[in-house]
>>> print(open('data39.json').read())   # JSON, C-alpha atoms and all ligand atoms
[["chain", "number", "residue", "atom", "x", "y", "z"],
["N", 1326, "MET", "CA", 41.90, -39.28, 233.45],
["N", 1327, "VAL", "CA", 42.93, -41.96, 235.93],
["N", 1328, "ILE", "CA", 45.93, -41.38, 238.14],
["N", 1329, "GLY", "CA", 47.48, -44.30, 239.94],
["N", 1330, "VAL", "CA", 49.09, -44.12, 243.35],
["N", 1331, "LEU", "CA", 51.65, -46.84, 244.00],
["N", 1332, "ASP", "CA", 50.15, -48.67, 246.96],
["N", 1333, "LEU", "CA", 53.11, -50.49, 248.48],
["N", 1334, "GLN", "CA", 53.92, -48.29, 251.47],
["N", 1335, "GLY", "CA", 53.69, -44.69, 252.61],
["N", 1336, "ALA", "CA", 51.31, -41.74, 252.25],
["N", 1337, "VAL", "CA", 48.94, -43.30, 249.70],
["N", 1338, "ASP", "CA", 45.53, -42.09, 250.95],
["N", 1339, "GLU", "CA", 46.77, -38.53, 251.30],
["N", 1340, "HIS", "CA", 47.61, -38.46, 247.58],
["N", 1341, "ILE", "CA", 44.23, -39.95, 246.68],
["N", 1342, "GLN", "CA", 42.52, -37.22, 248.73],
["N", 1343, "MET", "CA", 44.63, -34.53, 247.08],
["N", 1344, "LEU", "CA", 43.70, -35.87, 243.64],
["N", 1345, "ALA", "CA", 40.03, -35.82, 244.65],
["N", 1346, "GLN", "CA", 40.45, -32.15, 245.61],
["N", 1347, "CYS", "CA", 41.71, -31.59, 242.07],
["N", 1348, "GLY", "CA", 38.64, -33.38, 240.71],
["N", 1349, "VAL", "CA", 40.50, -36.50, 239.60],
["N", 1350, "THR", "CA", 40.03, -40.13, 240.59],
["N", 1351, "GLY", "CA", 43.05, -41.75, 242.16],
["N", 1352, "LYS", "CA", 43.46, -45.47, 241.86],
["N", 1353, "LYS", "CA", 45.69, -47.58, 244.08],
["N", 1354, "VAL", "CA", 48.17, -49.55, 242.00],
["N", 1355, "LEU", "CA", 49.59, -52.82, 243.26],
["N", 1356, "SER", "CA", 50.15, -54.88, 240.13],
["N", 1357, "GLU", "CA", 51.42, -54.66, 236.58],
["N", 1358, "GLU", "CA", 47.85, -54.89, 235.36],
["N", 1359, "GLY", "CA", 46.90, -51.92, 237.52],
["N", 1360, "LEU", "CA", 49.91, -50.03, 236.21],
["N", 1361, "ASN", "CA", 48.71, -50.53, 232.65],
["N", 1362, "GLN", "CA", 45.39, -48.85, 233.41],
["N", 1363, "VAL", "CA", 46.61, -45.43, 234.52],
["N", 1364, "ASP", "CA", 47.44, -42.24, 232.65],
["N", 1365, "GLY", "CA", 49.93, -41.16, 235.28],
["N", 1366, "LEU", "CA", 51.41, -42.52, 238.49],
["N", 1367, "ILE", "CA", 52.28, -41.05, 241.88],
["N", 1368, "ILE", "CA", 55.01, -42.66, 243.97],
["N", 1369, "PRO", "CA", 54.38, -41.55, 247.53],
["N", 1370, "GLY", "CA", 56.74, -40.79, 250.38],
["N", 1371, "GLY", "CA", 57.49, -43.43, 252.96],
["N", 1372, "GLU", "CA", 60.73, -45.37, 253.07],
["N", 1373, "SER", "CA", 62.49, -45.87, 249.77],
["N", 1374, "THR", "CA", 64.27, -49.05, 250.91],
["N", 1375, "ALA", "CA", 60.95, -50.59, 251.94],
["N", 1376, "ILE", "CA", 59.25, -49.51, 248.70],
["N", 1377, "MET", "CA", 62.18, -50.86, 246.68],
["N", 1378, "ASN", "CA", 61.96, -54.24, 248.43],
["N", 1379, "LEU", "CA", 58.22, -54.37, 247.85],
["N", 1380, "LEU", "CA", 58.65, -53.42, 244.18],
["N", 1381, "LEU", "CA", 60.85, -56.50, 243.84],
["N", 1382, "LYS", "CA", 58.52, -58.68, 245.88],
["N", 1383, "PHE", "CA", 55.48, -57.70, 243.80],
["N", 1384, "ASP", "CA", 57.40, -58.00, 240.51],
["N", 1385, "LEU", "CA", 56.81, -54.35, 239.81],
["N", 1386, "LEU", "CA", 60.34, -53.00, 239.43],
["N", 1387, "LYS", "CA", 60.84, -54.02, 235.82],
["N", 1388, "PRO", "CA", 57.33, -53.00, 234.63],
["N", 1389, "LEU", "CA", 57.81, -49.66, 236.34],
["N", 1390, "GLN", "CA", 61.25, -49.18, 234.78],
["N", 1391, "GLU", "CA", 59.64, -49.87, 231.42],
["N", 1392, "LYS", "CA", 56.94, -47.27, 232.11],
["N", 1393, "VAL", "CA", 59.62, -44.71, 232.96],
["N", 1394, "ALA", "CA", 61.38, -45.50, 229.69],
["N", 1395, "ALA", "CA", 58.09, -45.31, 227.78],
["N", 1396, "GLY", "CA", 57.36, -41.82, 229.16],
["N", 1397, "LEU", "CA", 54.48, -42.52, 231.56],
["N", 1398, "PRO", "CA", 54.01, -39.33, 233.61],
["N", 1399, "ILE", "CA", 55.24, -40.00, 237.15],
["N", 1400, "PHE", "CA", 55.19, -37.78, 240.23],
["N", 1401, "GLY", "CA", 57.44, -38.87, 243.10],
["N", 1402, "THR", "CA", 57.37, -37.29, 246.54],
["N", 1403, "CYS", "CA", 60.16, -37.74, 249.08],
["N", 1404, "ALA", "CA", 60.94, -41.50, 248.99],
["N", 1405, "GLY", "CA", 59.41, -41.34, 245.49],
["N", 1406, "LEU", "CA", 62.08, -38.81, 244.50],
["N", 1407, "VAL", "CA", 64.75, -41.13, 245.91],
["N", 1408, "LEU", "CA", 63.48, -44.05, 243.82],
["N", 1409, "LEU", "CA", 63.17, -41.93, 240.68],
["N", 1410, "SER", "CA", 66.73, -40.68, 240.97],
["N", 1411, "ARG", "CA", 68.54, -43.86, 242.00],
["N", 1412, "SER", "CA", 70.15, -45.43, 238.95],
["N", 1413, "ASP", "CA", 69.55, -48.94, 240.39],
["N", 1414, "ALA", "CA", 65.86, -48.16, 240.96],
["N", 1415, "LEU", "CA", 63.80, -46.19, 238.43],
["N", 1416, "ALA", "CA", 66.51, -44.00, 236.95],
["N", 1417, "GLY", "CA", 64.01, -41.39, 235.78],
["N", 1418, "ILE", "CA", 66.04, -38.39, 236.92],
["N", 1419, "GLU", "CA", 69.74, -38.18, 236.35],
["N", 1420, "GLY", "CA", 71.26, -36.73, 239.50],
["N", 1421, "LYS", "CA", 72.93, -37.41, 242.80],
["N", 1422, "VAL", "CA", 70.50, -37.92, 245.65],
["N", 1423, "GLU", "CA", 71.30, -37.41, 249.31],
["N", 1424, "ARG", "CA", 68.88, -39.48, 251.38],
["N", 1425, "ASN", "CA", 67.86, -38.01, 254.73],
["N", 1426, "GLY", "CA", 69.81, -34.97, 253.57],
["N", 1427, "PHE", "CA", 68.25, -32.69, 256.17],
["N", 1428, "GLY", "CA", 68.72, -35.11, 259.09],
["N", 1429, "ARG", "CA", 66.52, -37.57, 260.91],
["N", 1430, "GLN", "CA", 62.86, -37.52, 261.93],
["N", 1431, "LYS", "CA", 63.43, -34.90, 264.63],
["N", 1432, "ASP", "CA", 64.85, -32.58, 262.00],
["N", 1433, "SER", "CA", 61.59, -32.57, 260.05],
["N", 1434, "PHE", "CA", 60.43, -29.07, 259.23],
["N", 1435, "GLN", "CA", 58.10, -26.90, 257.21],
["N", 1436, "ALA", "CA", 59.27, -24.02, 255.03],
["N", 1437, "ASP", "CA", 57.82, -21.68, 252.44],
["N", 1438, "ILE", "CA", 59.36, -22.67, 249.14],
["N", 1439, "ASP", "CA", 59.69, -20.57, 246.00],
["N", 1440, "VAL", "CA", 58.76, -22.85, 243.13],
["N", 1441, "ALA", "CA", 59.44, -21.80, 239.54],
["N", 1442, "GLY", "CA", 56.15, -20.88, 237.90],
["N", 1443, "PHE", "CA", 54.18, -20.39, 241.16],
["N", 1444, "ASP", "CA", 53.21, -16.81, 242.14],
["N", 1445, "GLN", "CA", 53.12, -17.55, 245.84],
["N", 1446, "PRO", "CA", 55.46, -19.68, 247.99],
["N", 1447, "PHE", "CA", 54.52, -23.33, 248.46],
["N", 1448, "PRO", "CA", 54.23, -24.79, 251.98],
["N", 1449, "GLY", "CA", 56.96, -27.45, 251.89],
["N", 1450, "ILE", "CA", 56.69, -30.21, 254.50],
["N", 1451, "PHE", "CA", 59.98, -32.09, 254.89],
["N", 1452, "ILE", "CA", 60.10, -35.42, 256.73],
["N", 1453, "ARG", "CA", 63.47, -37.21, 256.66],
["N", 1454, "ALA", "CA", 63.64, -35.57, 253.29],
["N", 1455, "PRO", "CA", 66.19, -36.19, 250.57],
["N", 1456, "TYR", "CA", 67.62, -33.57, 248.27],
["N", 1457, "LEU", "CA", 69.41, -33.67, 244.96],
["N", 1458, "LYS", "CA", 73.00, -32.42, 244.90],
["N", 1459, "GLN", "CA", 73.55, -32.39, 241.21],
["N", 1460, "VAL", "CA", 71.31, -33.00, 238.26],
["N", 1461, "ALA", "CA", 71.95, -33.48, 234.57],
["N", 1462, "ASP", "CA", 71.61, -30.42, 232.31],
["N", 1463, "ASP", "CA", 68.27, -31.54, 230.92],
["N", 1464, "VAL", "CA", 66.67, -31.76, 234.37],
["N", 1465, "GLU", "CA", 64.69, -28.62, 235.16],
["N", 1466, "VAL", "CA", 65.23, -27.38, 238.71],
["N", 1467, "LEU", "CA", 61.93, -26.02, 240.08],
["N", 1468, "ALA", "CA", 63.06, -25.26, 243.63],
["N", 1469, "LYS", "CA", 66.12, -25.14, 245.84],
["N", 1470, "ILE", "CA", 66.76, -24.56, 249.51],
["N", 1471, "ASP", "CA", 69.94, -23.22, 251.17],
["N", 1472, "ASP", "CA", 71.20, -22.20, 247.68],
["N", 1473, "ASP", "CA", 72.51, -25.62, 246.68],
["N", 1474, "ARG", "CA", 70.00, -28.26, 247.74],
["N", 1475, "ILE", "CA", 67.66, -29.11, 244.90],
["N", 1476, "ILE", "CA", 64.20, -30.03, 246.22],
["N", 1477, "ALA", "CA", 61.87, -30.00, 243.20],
["N", 1478, "VAL", "CA", 62.60, -31.04, 239.63],
["N", 1479, "LYS", "CA", 60.92, -31.78, 236.37],
["N", 1480, "HIS", "CA", 62.37, -33.98, 233.69],
["N", 1481, "GLY", "CA", 60.19, -34.68, 230.68],
["N", 1482, "LYS", "CA", 57.05, -36.25, 232.14],
["N", 1483, "ILE", "CA", 58.62, -36.78, 235.54],
["N", 1484, "LEU", "CA", 58.00, -34.50, 238.49],
["N", 1485, "ALA", "CA", 59.63, -34.98, 241.88],
["N", 1486, "THR", "CA", 59.71, -33.14, 245.19],
["N", 1487, "SER", "CA", 61.72, -33.70, 248.37],
["N", 1488, "PHE", "CA", 58.75, -32.45, 250.34],
["N", 1489, "HIS", "CA", 55.22, -33.75, 250.83],
["N", 1490, "PRO", "CA", 52.62, -31.62, 248.97],
["N", 1491, "GLU", "CA", 49.97, -34.23, 249.81],
["N", 1492, "LEU", "CA", 50.31, -33.36, 253.50],
["N", 1493, "SER", "CA", 49.64, -29.68, 252.87],
["N", 1494, "ASP", "CA", 46.35, -28.17, 251.76],
["N", 1495, "ASP", "CA", 47.92, -26.68, 248.64],
["N", 1496, "THR", "CA", 46.89, -28.47, 245.45],
["N", 1497, "ARG", "CA", 49.21, -26.61, 243.05],
["N", 1498, "MET", "CA", 51.91, -29.27, 242.83],
["N", 1499, "HIS", "CA", 49.37, -31.99, 242.07],
["N", 1500, "GLN", "CA", 47.69, -29.68, 239.59],
["N", 1501, "LEU", "CA", 51.05, -29.13, 237.88],
["N", 1502, "PHE", "CA", 51.42, -32.90, 237.56],
["N", 1503, "LEU", "CA", 47.88, -33.26, 236.19],
["N", 1504, "ASP", "CA", 48.69, -30.57, 233.60],
["N", 1505, "MET", "CA", 51.76, -32.60, 232.61],
["N", 1506, "VAL", "CA", 49.57, -35.69, 232.21],
["N", 1507, "SER", "CA", 47.02, -33.87, 230.04],
["N", 1508, "ALA", "CA", 49.61, -32.08, 227.92],
["N", 1601, "LIG", "N1", 64.14, -40.83, 254.15],
["N", 1601, "LIG", "C1", 63.19, -41.62, 253.42],
["N", 1601, "LIG", "C2", 63.90, -42.44, 252.36],
["N", 1601, "LIG", "O1", 65.04, -42.28, 252.10],
["N", 1601, "LIG", "C3", 62.14, -40.76, 252.77],
["N", 1601, "LIG", "C4", 61.28, -40.12, 253.81],
["N", 1601, "LIG", "C5", 59.92, -39.77, 253.32],
["N", 1601, "LIG", "O2", 59.47, -40.23, 252.27],
["N", 1601, "LIG", "N2", 59.22, -38.99, 254.10],
["N", 1601, "LIG", "O3", 63.26, -43.26, 251.75]]
>>> encode(input="data39.json", output="structure tokens", more="lines below")
Ligand code: GLN
Amino acid sequence: MVIGVLDLQGAVDEHIQMLAQCGVTGKKVLSEEGLNQVDGLIIPGGESTAIMNLLLKFDLLKPLQEKVAAGLPIFGTCAGLVLLSRSDALAGIEGKVERNGFGRQKDSFQADIDVAGFDQPFPGIFIRAPYLKQVADDVEVLAKIDDDRIIAVKHGKILATSFHPELSDDTRMHQLFLDMVSA
């Protein structure tokens, strides 16, 4: 199994290391050709506006939209969640996203998160994190914070978190994605 990590901007190496901890080779993806060689793709955190501009610059927006439509498994973290849920970006998750929903950089925080299907809380690291306000009925909510802020979702072969599992030492979220890819 080869998992790509979109290598335009953001926490790319951290995802590759996390994949290695799960026993899987991560491959940096920077072209349509690279995109065609992976069984699943991770879109890292960073800055969604910057990643969006680079997607356009590298002619990757349309190929990626086609992959979303074709059902390529995709895992987006933080800015990745923003791109997956914006209708003018990847439109992989139907919902309303609130960028920087928890405040600015200084409001970054860590919290133990109850994730559906996990026995133990997950260490959520939030950095200028977005959240989803509303999602379509067919989007599975895996975690919420403050009762109404949706911070982890699954929709078909798409997984997305507001937080950064690649910055923790907990491999369960990546493992969940790998299970989705193998399924
Ligand atoms: N606030 C950023 C955005 O909207 C995401 C921050 C992050 O990925 N850590 O793109």
>>> closest_residue(input="data39.json", among="N:Glu1372, N:Asp1384, N:Asp1364, N:Asp1463", to="ligand LIG 1601 (chain N)", atoms="only C-alpha atoms and all ligand atoms")
N:Glu1372
>>> residues_near_ligand(input="data39.json", ligand="ligand LIG 1601 (chain N)", cutoff="8 Å", atoms="all atoms listed in the file", output="number ranges by chain")
N: 1335, 1369-1375, 1402-1405, 1407-1408, 1424-1425, 1429, 1451-1455, 1487-1489
>>> residues_around(input="data39.json", residues="Lys1482 of chain N", least_positions_apart="3", cutoff="10 Å", atoms="all atoms listed in the file", output="PDB file with C-alpha atoms, keeping the file's coordinate frame")
ATOM      1  CA  GLY N1365      49.930 -41.160 235.280  1.00  0.00           C
ATOM      2  CA  VAL N1393      59.620 -44.710 232.960  1.00  0.00           C
ATOM      3  CA  GLY N1396      57.360 -41.820 229.160  1.00  0.00           C
ATOM      4  CA  LEU N1397      54.480 -42.520 231.560  1.00  0.00           C
ATOM      5  CA  PRO N1398      54.010 -39.330 233.610  1.00  0.00           C
ATOM      6  CA  ILE N1399      55.240 -40.000 237.150  1.00  0.00           C
ATOM      7  CA  PHE N1400      55.190 -37.780 240.230  1.00  0.00           C
ATOM      8  CA  GLY N1417      64.010 -41.390 235.780  1.00  0.00           C
ATOM      9  CA  LYS N1479      60.920 -31.780 236.370  1.00  0.00           C
ATOM     10  CA  PHE N1502      51.420 -32.900 237.560  1.00  0.00           C
ATOM     11  CA  MET N1505      51.760 -32.600 232.610  1.00  0.00           C
ATOM     12  CA  VAL N1506      49.570 -35.690 232.210  1.00  0.00           C
ATOM     13  CA  ALA N1508      49.610 -32.080 227.920  1.00  0.00           C
TER      14      ALA N1508
END
>>> atom_distance(input="data39.json", atom1="atom CA of Phe1427 of chain N", atom2="atom CA of Gln1459 of chain N")
15.9 Å
>>> residues_around(input="data39.json", residues="Leu1380 of chain N", least_positions_apart="2", cutoff="10 Å", atoms="all atoms listed in the file", output="PDB file with C-alpha atoms, in the frame of the given file")
ATOM      1  CA  LEU N1331      51.650 -46.840 244.000  1.00  0.00           C
ATOM      2  CA  LEU N1333      53.110 -50.490 248.480  1.00  0.00           C
ATOM      3  CA  LEU N1355      49.590 -52.820 243.260  1.00  0.00           C
ATOM      4  CA  SER N1356      50.150 -54.880 240.130  1.00  0.00           C
ATOM      5  CA  THR N1374      64.270 -49.050 250.910  1.00  0.00           C
ATOM      6  CA  ALA N1375      60.950 -50.590 251.940  1.00  0.00           C
ATOM      7  CA  ILE N1376      59.250 -49.510 248.700  1.00  0.00           C
ATOM      8  CA  MET N1377      62.180 -50.860 246.680  1.00  0.00           C
ATOM      9  CA  ASN N1378      61.960 -54.240 248.430  1.00  0.00           C
ATOM     10  CA  LYS N1382      58.520 -58.680 245.880  1.00  0.00           C
ATOM     11  CA  PHE N1383      55.480 -57.700 243.800  1.00  0.00           C
ATOM     12  CA  ASP N1384      57.400 -58.000 240.510  1.00  0.00           C
ATOM     13  CA  LEU N1385      56.810 -54.350 239.810  1.00  0.00           C
ATOM     14  CA  LEU N1386      60.340 -53.000 239.430  1.00  0.00           C
ATOM     15  CA  LYS N1387      60.840 -54.020 235.820  1.00  0.00           C
ATOM     16  CA  PRO N1388      57.330 -53.000 234.630  1.00  0.00           C
ATOM     17  CA  LEU N1389      57.810 -49.660 236.340  1.00  0.00           C
ATOM     18  CA  ALA N1414      65.860 -48.160 240.960  1.00  0.00           C
TER      19      ALA N1414
END
>>> closest_residue(input="data39.json", among="N:Leu1344, N:Val1327, N:Val1440, N:Leu1409", to="Asp1494 of chain N", atoms="all atoms listed in the file")
N:Leu1344
>>> atom_distance(input="data39.json", atom1="atom CA of Gly1449 of chain N", atom2="atom CA of Gln1435 of chain N")
5.5 Å
>>> residues_near_point(input="data39.json", point="(65.8, -24.6, 239.6)", cutoff="9 Å", atoms="only C-alpha atoms", output="PyMOL selection string")
chain N and resi 1440-1441+1464-1469+1475-1478
>>> atom_distance(input="data39.json", atom1="atom CA of Leu1406 of chain N", atom2="atom CA of Leu1484 of chain N")
8.4 Å
>>> residues_around(input="data39.json", residues="Val1354 of chain N", least_positions_apart="3", cutoff="9 Å", atoms="all atoms listed in the file", output="count of residues only")
11
